[in-house]
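Reproduced below: data_18.cif, with mmCIF, C-alpha atoms and all ligand atoms.
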data_query
loop_
_atom_site.label_atom_id
_atom_site.label_comp_id
_atom_site.auth_asym_id
_atom_site.auth_seq_id
_atom_site.Cartn_x
_atom_site.Cartn_y
_atom_site.Cartn_z
CA MET H 205 0.00 0.00 0.00
CA ILE H 206 1.25 3.48 -0.92
CA ILE H 207 -0.28 6.39 0.96
CA SER H 208 0.84 9.81 -0.15
CA LEU H 209 1.12 12.82 2.11
CA SER H 210 -1.40 14.78 0.11
CA SER H 211 -3.63 14.24 -2.88
CA PRO H 212 -5.86 16.67 -4.76
CA ASP H 213 -9.58 16.00 -5.04
CA ILE H 214 -10.57 16.75 -8.63
CA THR H 215 -14.10 15.82 -9.75
CA ASN H 216 -15.57 15.42 -13.23
CA LYS H 217 -17.38 18.68 -12.62
CA ASP H 218 -14.07 20.44 -11.94
CA ILE H 219 -12.68 19.05 -15.18
CA ALA H 220 -15.79 20.09 -17.12
CA SER H 221 -15.58 23.67 -15.87
CA VAL H 222 -11.92 23.93 -16.84
CA ASN H 223 -12.70 22.45 -20.26
CA LYS H 224 -15.43 24.99 -20.76
CA VAL H 225 -12.98 27.86 -20.34
CA LEU H 226 -10.59 26.22 -22.79
CA ARG H 227 -13.29 26.45 -25.45
CA THR H 228 -13.73 30.22 -25.01
CA ARG H 229 -11.57 33.11 -26.14
CA HIS H 230 -10.83 34.20 -22.58
CA LEU H 231 -8.09 32.05 -21.15
CA SER H 232 -6.93 34.99 -19.05
CA LEU H 233 -8.57 38.16 -17.72
CA GLY H 234 -11.94 36.57 -18.47
CA PRO H 235 -15.20 36.40 -16.56
CA LYS H 236 -14.33 33.47 -14.23
CA LEU H 237 -11.64 35.48 -12.50
CA ARG H 238 -13.92 38.22 -11.20
CA VAL H 239 -16.60 35.71 -10.13
CA PHE H 240 -14.01 33.67 -8.22
CA GLU H 241 -12.84 36.85 -6.46
CA GLU H 242 -16.39 37.83 -5.52
CA GLN H 243 -17.15 34.36 -4.21
CA ILE H 244 -14.02 34.19 -2.05
CA ALA H 245 -14.72 37.67 -0.64
CA LYS H 246 -18.30 36.68 0.16
CA TYR H 247 -17.25 33.36 1.67
CA THR H 248 -14.60 35.01 3.86
CA GLY H 249 -16.79 37.94 4.88
CA VAL H 250 -14.58 40.69 3.47
CA LYS H 251 -15.42 43.37 0.94
CA HIS H 252 -12.76 42.85 -1.72
CA ALA H 253 -10.59 40.14 -3.22
CA LEU H 254 -7.92 39.93 -5.88
CA ALA H 255 -6.85 36.67 -7.49
CA VAL H 256 -3.10 36.28 -8.02
CA SER H 257 -0.72 33.70 -9.43
CA ASN H 258 0.11 32.18 -6.02
CA GLY H 259 0.01 32.93 -2.32
CA THR H 260 3.62 34.13 -2.20
CA ALA H 261 2.92 36.72 -4.91
CA GLY H 262 -0.10 37.85 -2.89
CA LEU H 263 2.03 38.36 0.22
CA HIS H 264 4.59 40.31 -1.78
CA LEU H 265 1.94 42.64 -3.20
CA ILE H 266 0.48 43.27 0.26
CA ILE H 267 3.93 44.22 1.60
CA ARG H 268 4.44 46.61 -1.33
CA ALA H 269 0.95 48.07 -1.22
CA MET H 270 1.42 48.82 2.48
CA GLY H 271 4.56 50.79 1.62
CA ILE H 272 6.82 48.53 3.68
CA LYS H 273 10.33 49.27 2.48
CA LYS H 274 14.05 49.00 3.11
CA GLY H 275 14.94 48.96 6.80
CA ASP H 276 11.35 48.65 8.02
CA GLU H 277 10.71 45.82 10.46
CA VAL H 278 7.88 43.31 10.28
CA ILE H 279 7.15 41.02 13.21
CA THR H 280 6.46 37.44 12.16
CA PRO H 281 6.80 33.87 13.51
CA PRO H 282 9.71 31.56 12.57
CA PHE H 283 7.39 28.53 12.47
CA SER H 284 5.79 28.86 9.04
CA PHE H 285 6.29 28.17 5.38
CA ILE H 286 9.25 30.20 4.13
CA SER H 287 7.26 32.63 1.99
CA SER H 288 5.70 34.37 4.99
CA ALA H 289 9.15 35.75 5.82
CA ASN H 290 10.57 35.91 2.29
CA CYS H 291 7.88 38.36 1.20
CA ILE H 292 9.35 40.83 3.70
CA LEU H 293 12.85 40.34 2.27
CA TYR H 294 11.61 40.98 -1.28
CA GLU H 295 11.23 44.65 -0.29
CA ASN H 296 14.47 44.69 1.73
CA ALA H 297 12.54 45.04 4.96
CA VAL H 298 13.58 42.98 7.99
CA PRO H 299 11.63 40.05 9.38
CA VAL H 300 11.77 40.23 13.18
CA PHE H 301 10.92 36.81 14.53
CA VAL H 302 8.85 36.21 17.63
CA ASP H 303 8.62 32.70 19.07
CA ILE H 304 5.41 30.66 18.99
CA ARG H 305 2.94 29.29 21.51
CA PRO H 306 3.64 25.63 22.32
CA ASP H 307 -0.05 24.66 22.03
CA THR H 308 -1.47 26.35 18.91
CA LEU H 309 1.93 26.78 17.19
CA THR H 310 0.89 30.34 16.24
CA ILE H 311 2.86 33.49 17.14
CA ASP H 312 3.12 34.09 20.90
CA THR H 313 1.32 37.39 21.41
CA GLU H 314 2.85 37.75 24.89
CA LYS H 315 6.29 38.09 23.31
CA ILE H 316 5.47 40.60 20.57
CA GLU H 317 5.61 43.93 22.35
CA GLU H 318 9.19 43.51 23.56
CA LYS H 319 10.25 43.29 19.89
CA ILE H 320 8.52 46.47 18.71
CA THR H 321 10.88 49.32 17.82
CA ALA H 322 10.53 52.70 16.10
CA ARG H 323 11.12 50.89 12.80
CA THR H 324 8.35 48.29 13.25
CA LYS H 325 5.70 48.79 10.57
CA ALA H 326 3.58 45.66 10.67
CA ILE H 327 2.83 42.31 12.23
CA LEU H 328 2.47 39.42 9.81
CA ALA H 329 0.84 36.53 11.69
CA VAL H 330 0.20 33.08 10.29
CA ASP H 331 -2.81 30.81 10.76
CA VAL H 332 -0.52 27.80 11.12
CA PHE H 333 -1.86 24.45 9.90
CA ALA H 334 -5.28 26.17 9.57
CA HIS H 335 -5.34 27.06 13.28
CA PRO H 336 -6.11 30.79 13.62
CA ALA H 337 -3.65 33.03 15.44
CA GLU H 338 -4.97 35.04 18.42
CA TRP H 339 -6.55 37.77 16.34
CA ASP H 340 -8.19 39.70 19.19
CA LYS H 341 -4.86 40.16 20.89
CA LEU H 342 -3.04 40.87 17.64
CA ARG H 343 -5.52 43.61 16.78
CA ARG H 344 -5.14 45.14 20.22
CA ILE H 345 -1.33 45.19 19.95
CA ALA H 346 -1.44 46.58 16.40
CA GLY H 347 -3.89 49.29 17.50
CA ARG H 348 -1.83 50.27 20.52
CA HIS H 349 1.36 50.68 18.46
CA LYS H 350 -0.24 51.86 15.20
CA LEU H 351 1.03 48.89 13.23
CA LEU H 352 -0.39 47.35 10.10
CA LEU H 353 -1.66 43.81 10.41
CA ILE H 354 -1.20 41.10 7.77
CA GLU H 355 -2.82 37.67 7.93
CA ASP H 356 -1.08 34.79 6.19
CA SER H 357 -4.14 32.64 5.85
CA ALA H 358 -2.64 30.52 3.08
CA GLU H 359 -3.41 27.36 5.06
CA ALA H 360 -6.68 28.43 6.65
CA LEU H 361 -9.47 28.94 4.12
CA GLY H 362 -12.72 28.29 5.96
CA SER H 363 -11.25 28.12 9.48
CA GLN H 364 -12.99 30.26 12.08
CA TYR H 365 -11.99 32.23 15.15
CA LYS H 366 -14.83 33.36 17.43
CA GLY H 367 -17.36 32.84 14.65
CA LYS H 368 -15.50 34.80 11.96
CA LYS H 369 -13.54 33.36 9.07
CA CYS H 370 -9.79 33.43 8.68
CA GLY H 371 -8.76 36.06 6.17
CA SER H 372 -11.06 38.65 7.75
CA PHE H 373 -8.99 39.71 10.76
CA ALA H 374 -6.14 41.86 9.47
CA ASP H 375 -5.77 44.87 7.17
CA ALA H 376 -5.09 42.39 4.37
CA ALA H 377 -4.85 38.62 4.13
CA VAL H 378 -3.77 36.00 1.66
CA PHE H 379 -5.00 32.53 0.70
CA SER H 380 -3.12 29.94 -1.33
CA PHE H 381 -4.61 27.41 -3.72
CA TYR H 382 -1.55 25.19 -4.13
CA PRO H 383 -2.65 21.54 -4.62
CA ASN H 384 -2.30 20.53 -0.96
CA LYS H 385 -4.47 23.39 0.35
CA GLN H 386 -8.19 23.07 1.14
CA ILE H 387 -9.12 24.05 -2.41
CA THR H 388 -6.79 24.25 -5.36
CA THR H 389 -6.36 26.07 -8.64
CA GLY H 390 -3.14 24.19 -9.48
CA GLU H 391 -1.13 27.27 -8.60
CA GLY H 392 -2.96 30.32 -7.32
CA GLY H 393 -3.67 32.71 -4.50
CA MET H 394 -6.06 35.42 -3.37
CA ILE H 395 -5.62 38.69 -1.52
CA VAL H 396 -8.61 39.72 0.59
CA SER H 397 -9.17 43.03 2.35
CA ASN H 398 -11.80 45.59 3.28
CA ASP H 399 -9.47 48.30 2.01
CA LYS H 400 -10.54 49.09 -1.54
CA ASN H 401 -7.50 51.22 -2.18
CA LEU H 402 -5.09 48.50 -1.15
CA ILE H 403 -6.81 45.98 -3.40
CA HIS H 404 -6.74 48.45 -6.31
CA ASN H 405 -3.02 49.01 -5.84
CA CYS H 406 -2.38 45.28 -5.64
CA CYS H 407 -4.51 44.77 -8.75
CA SER H 408 -2.48 47.29 -10.70
CA MET H 409 0.84 45.84 -9.54
CA SER H 410 -0.31 42.30 -10.32
CA ASN H 411 -0.99 43.41 -13.89
CA GLN H 412 2.30 45.14 -14.83
CA GLY H 413 1.45 48.39 -13.08
CA ARG H 414 -1.44 49.16 -15.41
CA LYS H 415 -4.18 51.46 -14.23
CA PHE H 416 -7.19 49.28 -13.74
CA ILE H 417 -9.75 51.93 -14.68
CA ASP H 418 -9.42 54.12 -17.77
CA GLY H 419 -5.83 52.99 -18.24
CA LYS H 420 -4.37 52.36 -21.64
CA TRP H 421 -3.08 48.79 -22.05
CA PHE H 422 0.47 49.93 -22.78
CA GLU H 423 0.63 52.57 -20.09
CA HIS H 424 2.31 51.49 -16.87
CA ALA H 425 1.70 53.86 -13.97
CA VAL H 426 3.85 52.09 -11.40
CA LEU H 427 6.36 49.23 -11.21
CA GLY H 428 4.34 46.10 -11.68
CA TYR H 429 4.64 42.36 -12.04
CA ASN H 430 2.80 39.61 -13.83
CA TYR H 431 1.14 38.04 -10.82
CA ARG H 432 -2.18 37.36 -12.59
CA MET H 433 -4.26 34.23 -12.25
CA SER H 434 -5.58 32.76 -15.50
CA ASP H 435 -9.27 32.06 -16.11
CA ILE H 436 -8.41 28.37 -16.42
CA ASN H 437 -7.16 28.35 -12.82
CA ALA H 438 -10.06 30.51 -11.66
CA ALA H 439 -12.59 28.08 -13.17
CA LEU H 440 -11.04 25.23 -11.20
CA GLY H 441 -11.08 27.32 -8.03
CA LEU H 442 -14.72 28.29 -8.49
CA SER H 443 -15.75 24.72 -9.06
CA GLN H 444 -13.87 23.62 -5.93
CA LEU H 445 -15.26 26.48 -3.86
CA SER H 446 -18.81 25.51 -4.82
CA ARG H 447 -18.40 22.34 -2.75
CA ILE H 448 -16.36 23.78 0.11
CA LYS H 449 -18.92 22.55 2.66
CA SER H 450 -18.48 18.95 1.65
CA ILE H 451 -14.70 19.43 1.49
CA ILE H 452 -14.67 20.74 5.07
CA LYS H 453 -16.83 17.82 6.15
CA LYS H 454 -14.59 15.23 4.51
CA ARG H 455 -11.44 16.74 5.99
CA HIS H 456 -13.08 16.93 9.39
CA SER H 457 -14.04 13.28 9.33
CA VAL H 458 -10.49 12.22 8.37
CA ALA H 459 -9.12 14.34 11.24
CA MET H 460 -11.62 12.81 13.68
CA ALA H 461 -10.67 9.31 12.51
CA TYR H 462 -7.04 10.09 13.32
CA HIS H 463 -7.98 11.70 16.66
CA LYS H 464 -9.88 8.61 17.71
CA ARG H 465 -7.27 6.07 16.71
CA LEU H 466 -4.35 8.04 18.10
CA LYS H 467 -5.82 7.89 21.59
CA ALA H 468 -4.56 4.33 21.79
CA VAL H 469 -1.00 5.20 20.75
CA ALA H 470 1.57 6.09 23.41
CA ASP H 471 3.97 9.02 23.09
CA VAL H 472 2.13 10.88 20.35
CA GLU H 473 -0.23 13.82 20.66
CA ALA H 474 -2.99 14.80 18.25
CA PRO H 475 -3.10 18.43 17.05
CA PHE H 476 -4.32 20.95 19.61
CA THR H 477 -7.37 23.13 18.95
CA ALA H 478 -8.05 26.16 21.16
CA ASP H 479 -11.54 27.14 22.38
CA ASN H 480 -13.65 29.31 20.06
CA ILE H 481 -11.95 27.79 17.03
CA LYS H 482 -13.30 25.84 14.10
CA ILE H 483 -10.66 24.33 11.91
CA ASN H 484 -11.00 23.59 8.24
CA TRP H 485 -8.20 21.03 8.39
CA PHE H 486 -5.23 21.70 6.13
CA VAL H 487 -2.74 19.08 7.31
CA TYR H 488 -2.77 16.65 10.20
CA VAL H 489 0.37 17.26 12.23
CA VAL H 490 0.98 15.14 15.32
CA ARG H 491 3.78 15.66 17.78
CA LEU H 492 5.94 13.13 19.53
CA ALA H 493 6.12 13.33 23.31
CA GLN H 494 8.67 15.56 25.02
CA GLY H 495 12.10 13.94 25.04
CA TYR H 496 11.91 12.60 21.50
CA THR H 497 14.67 14.04 19.34
CA GLY H 498 14.95 14.99 15.71
CA SER H 499 16.76 11.75 14.99
CA ASP H 500 14.03 9.69 16.70
CA ARG H 501 11.61 11.41 14.39
CA ALA H 502 13.76 10.76 11.32
CA GLY H 503 13.80 7.07 12.24
CA ILE H 504 10.02 6.97 12.61
CA ILE H 505 9.48 8.77 9.32
CA SER H 506 11.79 6.41 7.47
CA TYR H 507 10.09 3.40 9.08
CA LEU H 508 6.76 4.75 7.81
CA ALA H 509 8.30 5.35 4.37
CA SER H 510 9.38 1.70 4.29
CA LYS H 511 5.70 0.83 4.73
CA GLY H 512 4.68 3.09 1.83
CA ILE H 513 3.50 5.94 4.05
CA GLN H 514 4.72 9.42 3.14
CA CYS H 515 5.04 11.90 5.98
CA GLY H 516 6.28 15.50 6.14
CA GLU H 517 8.59 17.37 8.51
CA TYR H 518 6.58 20.60 8.90
CA PHE H 519 8.12 23.12 9.48
CA LYS H 520 11.85 23.51 9.65
CA PRO H 521 12.16 26.86 11.46
CA ILE H 522 12.65 29.72 9.01
CA HIS H 523 15.48 31.31 11.00
CA LEU H 524 17.46 28.05 10.69
CA GLN H 525 17.11 27.84 6.92
CA PRO H 526 20.63 28.16 5.50
CA PHE H 527 20.27 31.56 3.89
CA TYR H 528 18.58 33.10 6.93
CA GLN H 529 21.39 31.82 9.13
CA LYS H 530 23.92 33.29 6.75
CA LYS H 531 22.18 36.63 6.25
CA PHE H 532 21.10 37.31 9.84
CA GLY H 533 23.45 35.14 11.91
CA TYR H 534 20.68 33.06 13.45
CA ARG H 535 21.73 29.97 15.39
CA PRO H 536 19.93 27.13 17.15
CA GLY H 537 18.71 28.40 20.51
CA HIS H 538 17.33 31.72 19.29
CA PHE H 539 13.67 30.59 19.27
CA PRO H 540 13.59 27.65 21.65
CA VAL H 541 9.86 26.88 21.65
CA CYS H 542 9.73 26.77 17.87
CA GLU H 543 12.93 24.74 17.59
CA ALA H 544 11.93 22.16 20.19
CA LEU H 545 8.53 21.58 18.58
CA ALA H 546 9.84 21.58 15.04
CA GLN H 547 11.89 18.47 15.89
CA ARG H 548 8.92 16.52 17.16
CA THR H 549 6.19 17.24 14.59
CA ILE H 550 5.15 14.76 11.92
CA ALA H 551 2.63 15.57 9.19
CA LEU H 552 0.67 12.38 8.52
CA PRO H 553 -0.97 11.64 5.16
CA PHE H 554 -4.04 13.85 4.94
CA TYR H 555 -6.51 14.57 2.14
CA ASN H 556 -10.25 14.64 1.42
CA ASN H 557 -10.60 11.05 0.30
CA LEU H 558 -8.26 9.29 2.71
CA LYS H 559 -10.14 6.14 3.70
CA PRO H 560 -10.69 4.94 7.29
CA CYS H 561 -8.75 1.74 6.55
CA GLU H 562 -5.83 3.86 5.36
CA VAL H 563 -5.97 5.90 8.56
CA ASP H 564 -5.88 2.60 10.46
CA TYR H 565 -2.84 1.48 8.48
CA VAL H 566 -1.00 4.78 9.10
CA VAL H 567 -1.71 4.78 12.83
CA LYS H 568 -0.81 1.11 13.26
CA ASN H 569 2.54 1.69 11.57
CA LEU H 570 3.15 4.94 13.42
CA SER H 571 2.71 3.05 16.66
CA GLN H 572 5.13 0.34 15.52
CA GLY H 573 7.59 2.94 14.24
CA ILE H 574 7.60 4.67 17.63
CA LYS H 575 8.27 1.39 19.44
CA LYS H 576 11.10 0.49 17.06
CA CYS H 577 12.84 3.85 17.13
CA ARG H 578 12.86 4.53 20.83
C1 LIG Z 1 1.32 27.60 1.00
C2 LIG Z 1 1.76 28.72 1.87
C3 LIG Z 1 2.16 29.96 1.34
C4 LIG Z 1 2.47 30.21 -0.11
O1 LIG Z 1 1.54 29.88 -1.00
P1 LIG Z 1 1.97 29.53 -2.52
O2 LIG Z 1 0.65 29.58 -3.21
O3 LIG Z 1 2.58 28.18 -2.48
O4 LIG Z 1 2.89 30.59 -2.98
C5 LIG Z 1 2.42 31.00 2.23
N1 LIG Z 1 2.34 30.83 3.55
C6 LIG Z 1 1.99 29.66 4.09
C7 LIG Z 1 1.90 29.55 5.57
C8 LIG Z 1 1.71 28.56 3.27
O5 LIG Z 1 1.41 27.37 3.81
#
Output the structure of this file as structure tokens.
Amino acid sequence: MIISLSSPDITNKDIASVNKVLRTRHLSLGPKLRVFEEQIAKYTGVKHALAVSNGTAGLHLIIRAMGIKKGDEVITPPFSFISSANCILYENAVPVFVDIRPDTLTIDTEKIEEKITARTKAILAVDVFAHPAEWDKLRRIAGRHKLLLIEDSAEALGSQYKGKKCGSFADAAVFSFYPNKQITTGEGGMIVSNDKNLIHNCCSMSNQGRKFIDGKWFEHAVLGYNYRMSDINAALGLSQLSRIKSIIKKRHSVAMAYHKRLKAVADVEAPFTADNIKINWFVYVVRLAQGYTGSDRAGIISYLASKGIQCGEYFKPIHLQPFYQKKFGYRPGHFPVCEALAQRTIALPFYNNLKPCEVDYVVKNLSQGIKKCR
């Protein structure tokens, strides 16, 4: 049996809606794009949305549109996918890392204020593994220090915090539609915000700096990029979004199957969910008990691989990535909570159509792997 870490869920209806676009004259900048944007905005509960080529491009545009520039500081967690810090570097601003909470794995709001300086412009918090950050507290801190707030919601489409959806908490947020995310467009992303001006600026920059209203096609008002999403991708996204409820349900039932079976396994903890949170599961990341080392984990992961089970080591701390170490002089020990947890997490296979018998097989082998490697 081979069980992959992730697998997209593409239906005949998805394929038909992509095919339909391929038979029109609008493969890009067509009607599907604007409908997809409207639907994501409506779903998230924000006023405006802009589709982009991927989540990373969306984060970059937000940083630029907010005027974050050389020497400015942006507070962000080291436990994330690399693009949430890279987007700050694209504009030569400085990511200032703040360690994470050991339970939710999101940025530790208690440790933010000590890192704020006169150069701090924004806080970029991440809804890690679809678990929302503490948005009430983040908004309070941002308000007190007049900072902009950015939500990296790339992993959290459909998750909720106190009854509101992820993507709606900051001045601007981003979703990703990479194939392992809750819905996919192949490659793709979306910026969402209630700030019309910010979205307009991002729209212009995503389309080579063209003016979006009354602009001539070959007139470029500002420095822009080609960060557009095609109508082919948008059609796939729309089709997937139309069944988001059933996607959430499927992912929830896979997560609950893991929860239940893991109760019988020693030395491994299921993912933590805080009160007032609803998760639209992105990945299923368990952690080994305290005392397990990175090499114990490597042994367990390779045991699982020998049984055809693919697992992931999410995340290697950003500050310990080679070029961050080189550029900023980071060393192990700088963010101890993040580093300790990052050695003990294992992302188990997780996708919409993972079958209960496959969950059984994964958990049985995880249990054996733990016994063998300790
Ligand atoms: C996936 C992801 C991104 C980037 O999205 P892409 O569409 O792959 O560029 C950014 N941040 C986080 C936390 C992610 O998981």
Distance in Å - atom CA of Ser450 of chain H versus atom CA of Met205 of chain H: 26.5 Å
One-decimal distance in Å that lies between atom CA of Cys407 of chain H and atom CA of Leu263 of chain H: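 Taking atom CA of Leu263 of chain H and atom CA of Cys407 of chain H, their separation equals 12.8 Å.
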Environment of ligand LIG 1 (chain Z) within 10 Å, counting only C-alpha atoms and all ligand atoms, reported as a PDB file with C-alpha atoms, in the coordinates of the input:
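Contents of result_27.pdb, as written:
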ATOM      1  CA  VAL H 256      -3.100  36.280  -8.020  1.00  0.00           C
ATOM      2  CA  SER H 257      -0.720  33.700  -9.430  1.00  0.00           C
ATOM      3  CA  ASN H 258       0.110  32.180  -6.020  1.00  0.00           C
ATOM      4  CA  GLY H 259       0.010  32.930  -2.320  1.00  0.00           C
ATOM      5  CA  THR H 260       3.620  34.130  -2.200  1.00  0.00           C
ATOM      6  CA  ALA H 261       2.920  36.720  -4.910  1.00  0.00           C
ATOM      7  CA  GLY H 262      -0.100  37.850  -2.890  1.00  0.00           C
ATOM      8  CA  LEU H 263       2.030  38.360   0.220  1.00  0.00           C
ATOM      9  CA  HIS H 264       4.590  40.310  -1.780  1.00  0.00           C
ATOM     10  CA  PHE H 283       7.390  28.530  12.470  1.00  0.00           C
ATOM     11  CA  SER H 284       5.790  28.860   9.040  1.00  0.00           C
ATOM     12  CA  PHE H 285       6.290  28.170   5.380  1.00  0.00           C
ATOM     13  CA  ILE H 286       9.250  30.200   4.130  1.00  0.00           C
ATOM     14  CA  SER H 287       7.260  32.630   1.990  1.00  0.00           C
ATOM     15  CA  SER H 288       5.700  34.370   4.990  1.00  0.00           C
ATOM     16  CA  ALA H 289       9.150  35.750   5.820  1.00  0.00           C
ATOM     17  CA  ASN H 290      10.570  35.910   2.290  1.00  0.00           C
ATOM     18  CA  CYS H 291       7.880  38.360   1.200  1.00  0.00           C
ATOM     19  CA  ALA H 329       0.840  36.530  11.690  1.00  0.00           C
ATOM     20  CA  VAL H 330       0.200  33.080  10.290  1.00  0.00           C
ATOM     21  CA  ASP H 331      -2.810  30.810  10.760  1.00  0.00           C
ATOM     22  CA  VAL H 332      -0.520  27.800  11.120  1.00  0.00           C
ATOM     23  CA  PHE H 333      -1.860  24.450   9.900  1.00  0.00           C
ATOM     24  CA  ALA H 334      -5.280  26.170   9.570  1.00  0.00           C
ATOM     25  CA  GLU H 355      -2.820  37.670   7.930  1.00  0.00           C
ATOM     26  CA  ASP H 356      -1.080  34.790   6.190  1.00  0.00           C
ATOM     27  CA  SER H 357      -4.140  32.640   5.850  1.00  0.00           C
ATOM     28  CA  ALA H 358      -2.640  30.520   3.080  1.00  0.00           C
ATOM     29  CA  GLU H 359      -3.410  27.360   5.060  1.00  0.00           C
ATOM     30  CA  ALA H 360      -6.680  28.430   6.650  1.00  0.00           C
ATOM     31  CA  VAL H 378      -3.770  36.000   1.660  1.00  0.00           C
ATOM     32  CA  PHE H 379      -5.000  32.530   0.700  1.00  0.00           C
ATOM     33  CA  SER H 380      -3.120  29.940  -1.330  1.00  0.00           C
ATOM     34  CA  PHE H 381      -4.610  27.410  -3.720  1.00  0.00           C
ATOM     35  CA  TYR H 382      -1.550  25.190  -4.130  1.00  0.00           C
ATOM     36  CA  PRO H 383      -2.650  21.540  -4.620  1.00  0.00           C
ATOM     37  CA  ASN H 384      -2.300  20.530  -0.960  1.00  0.00           C
ATOM     38  CA  LYS H 385      -4.470  23.390   0.350  1.00  0.00           C
ATOM     39  CA  THR H 388      -6.790  24.250  -5.360  1.00  0.00           C
ATOM     40  CA  THR H 389      -6.360  26.070  -8.640  1.00  0.00           C
ATOM     41  CA  GLY H 390      -3.140  24.190  -9.480  1.00  0.00           C
ATOM     42  CA  GLU H 391      -1.130  27.270  -8.600  1.00  0.00           C
ATOM     43  CA  GLY H 392      -2.960  30.320  -7.320  1.00  0.00           C
ATOM     44  CA  GLY H 393      -3.670  32.710  -4.500  1.00  0.00           C
ATOM     45  CA  MET H 394      -6.060  35.420  -3.370  1.00  0.00           C
ATOM     46  CA  PHE H 486      -5.230  21.700   6.130  1.00  0.00           C
ATOM     47  CA  VAL H 487      -2.740  19.080   7.310  1.00  0.00           C
ATOM     48  CA  TYR H 518       6.580  20.600   8.900  1.00  0.00           C
ATOM     49  CA  PHE H 519       8.120  23.120   9.480  1.00  0.00           C
TER      50      PHE H 519
END
Who sits within 9 Å of Leu233 of chain H, all atoms listed in the file, same chain under 4 positions skipped, as a ChimeraX atom specification: /H:237-238,432-435
Shell around segment 397-401 of chain H at 7 Å using only C-alpha atoms, local window under 2 positions removed, as a PyMOL selection string: chain H and resi 250-253+375-377+395+403-405
If we count all atoms listed in the file, what is near Lys369 of chain H at a cut-off of 10 Å, once residues fewer than 5 positions away on the same chain are taken out, given as a PDB file with C-alpha atoms, in the coordinates of the input?
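Dumped everything to out-v4.pdb:
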ATOM      1  CA  TYR H 247     -17.250  33.360   1.670  1.00  0.00           C
ATOM      2  CA  THR H 248     -14.600  35.010   3.860  1.00  0.00           C
ATOM      3  CA  GLY H 249     -16.790  37.940   4.880  1.00  0.00           C
ATOM      4  CA  VAL H 250     -14.580  40.690   3.470  1.00  0.00           C
ATOM      5  CA  PRO H 336      -6.110  30.790  13.620  1.00  0.00           C
ATOM      6  CA  SER H 357      -4.140  32.640   5.850  1.00  0.00           C
ATOM      7  CA  ALA H 360      -6.680  28.430   6.650  1.00  0.00           C
ATOM      8  CA  LEU H 361      -9.470  28.940   4.120  1.00  0.00           C
ATOM      9  CA  GLY H 362     -12.720  28.290   5.960  1.00  0.00           C
ATOM     10  CA  SER H 363     -11.250  28.120   9.480  1.00  0.00           C
ATOM     11  CA  GLN H 364     -12.990  30.260  12.080  1.00  0.00           C
ATOM     12  CA  ILE H 481     -11.950  27.790  17.030  1.00  0.00           C
ATOM     13  CA  LYS H 482     -13.300  25.840  14.100  1.00  0.00           C
ATOM     14  CA  ILE H 483     -10.660  24.330  11.910  1.00  0.00           C
TER      15      ILE H 483
END
Selected residue, from H:Ala544, H:Met270, H:Cys406, H:Ile387, that lies nearest to Leu442 of chain H when counting only C-alpha atoms: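 The closest residue to Leu442 of chain H is H:Ile387.
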Residue contacts of Gln412 of chain H (12 Å, all atoms listed in the file) excluding same-chain residues fewer than 5 positions away, as a PyMOL selection string: chain H and resi 265+405-407+419-432
Selection from above, C-alpha atoms, as a short mmCIF file (atom, residue, chain, number, x, y, z; two decimals), keeping the file's coordinate frame, can you write it?
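What ended up in out.cif:
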data_model
loop_
_atom_site.label_atom_id
_atom_site.label_comp_id
_atom_site.auth_asym_id
_atom_site.auth_seq_id
_atom_site.Cartn_x
_atom_site.Cartn_y
_atom_site.Cartn_z
CA LEU H 265 1.94 42.64 -3.20
CA ASN H 405 -3.02 49.01 -5.84
CA CYS H 406 -2.38 45.28 -5.64
CA CYS H 407 -4.51 44.77 -8.75
CA GLY H 419 -5.83 52.99 -18.24
CA LYS H 420 -4.37 52.36 -21.64
CA TRP H 421 -3.08 48.79 -22.05
CA PHE H 422 0.47 49.93 -22.78
CA GLU H 423 0.63 52.57 -20.09
CA HIS H 424 2.31 51.49 -16.87
CA ALA H 425 1.70 53.86 -13.97
CA VAL H 426 3.85 52.09 -11.40
CA LEU H 427 6.36 49.23 -11.21
CA GLY H 428 4.34 46.10 -11.68
CA TYR H 429 4.64 42.36 -12.04
CA ASN H 430 2.80 39.61 -13.83
CA TYR H 431 1.14 38.04 -10.82
CA ARG H 432 -2.18 37.36 -12.59
#
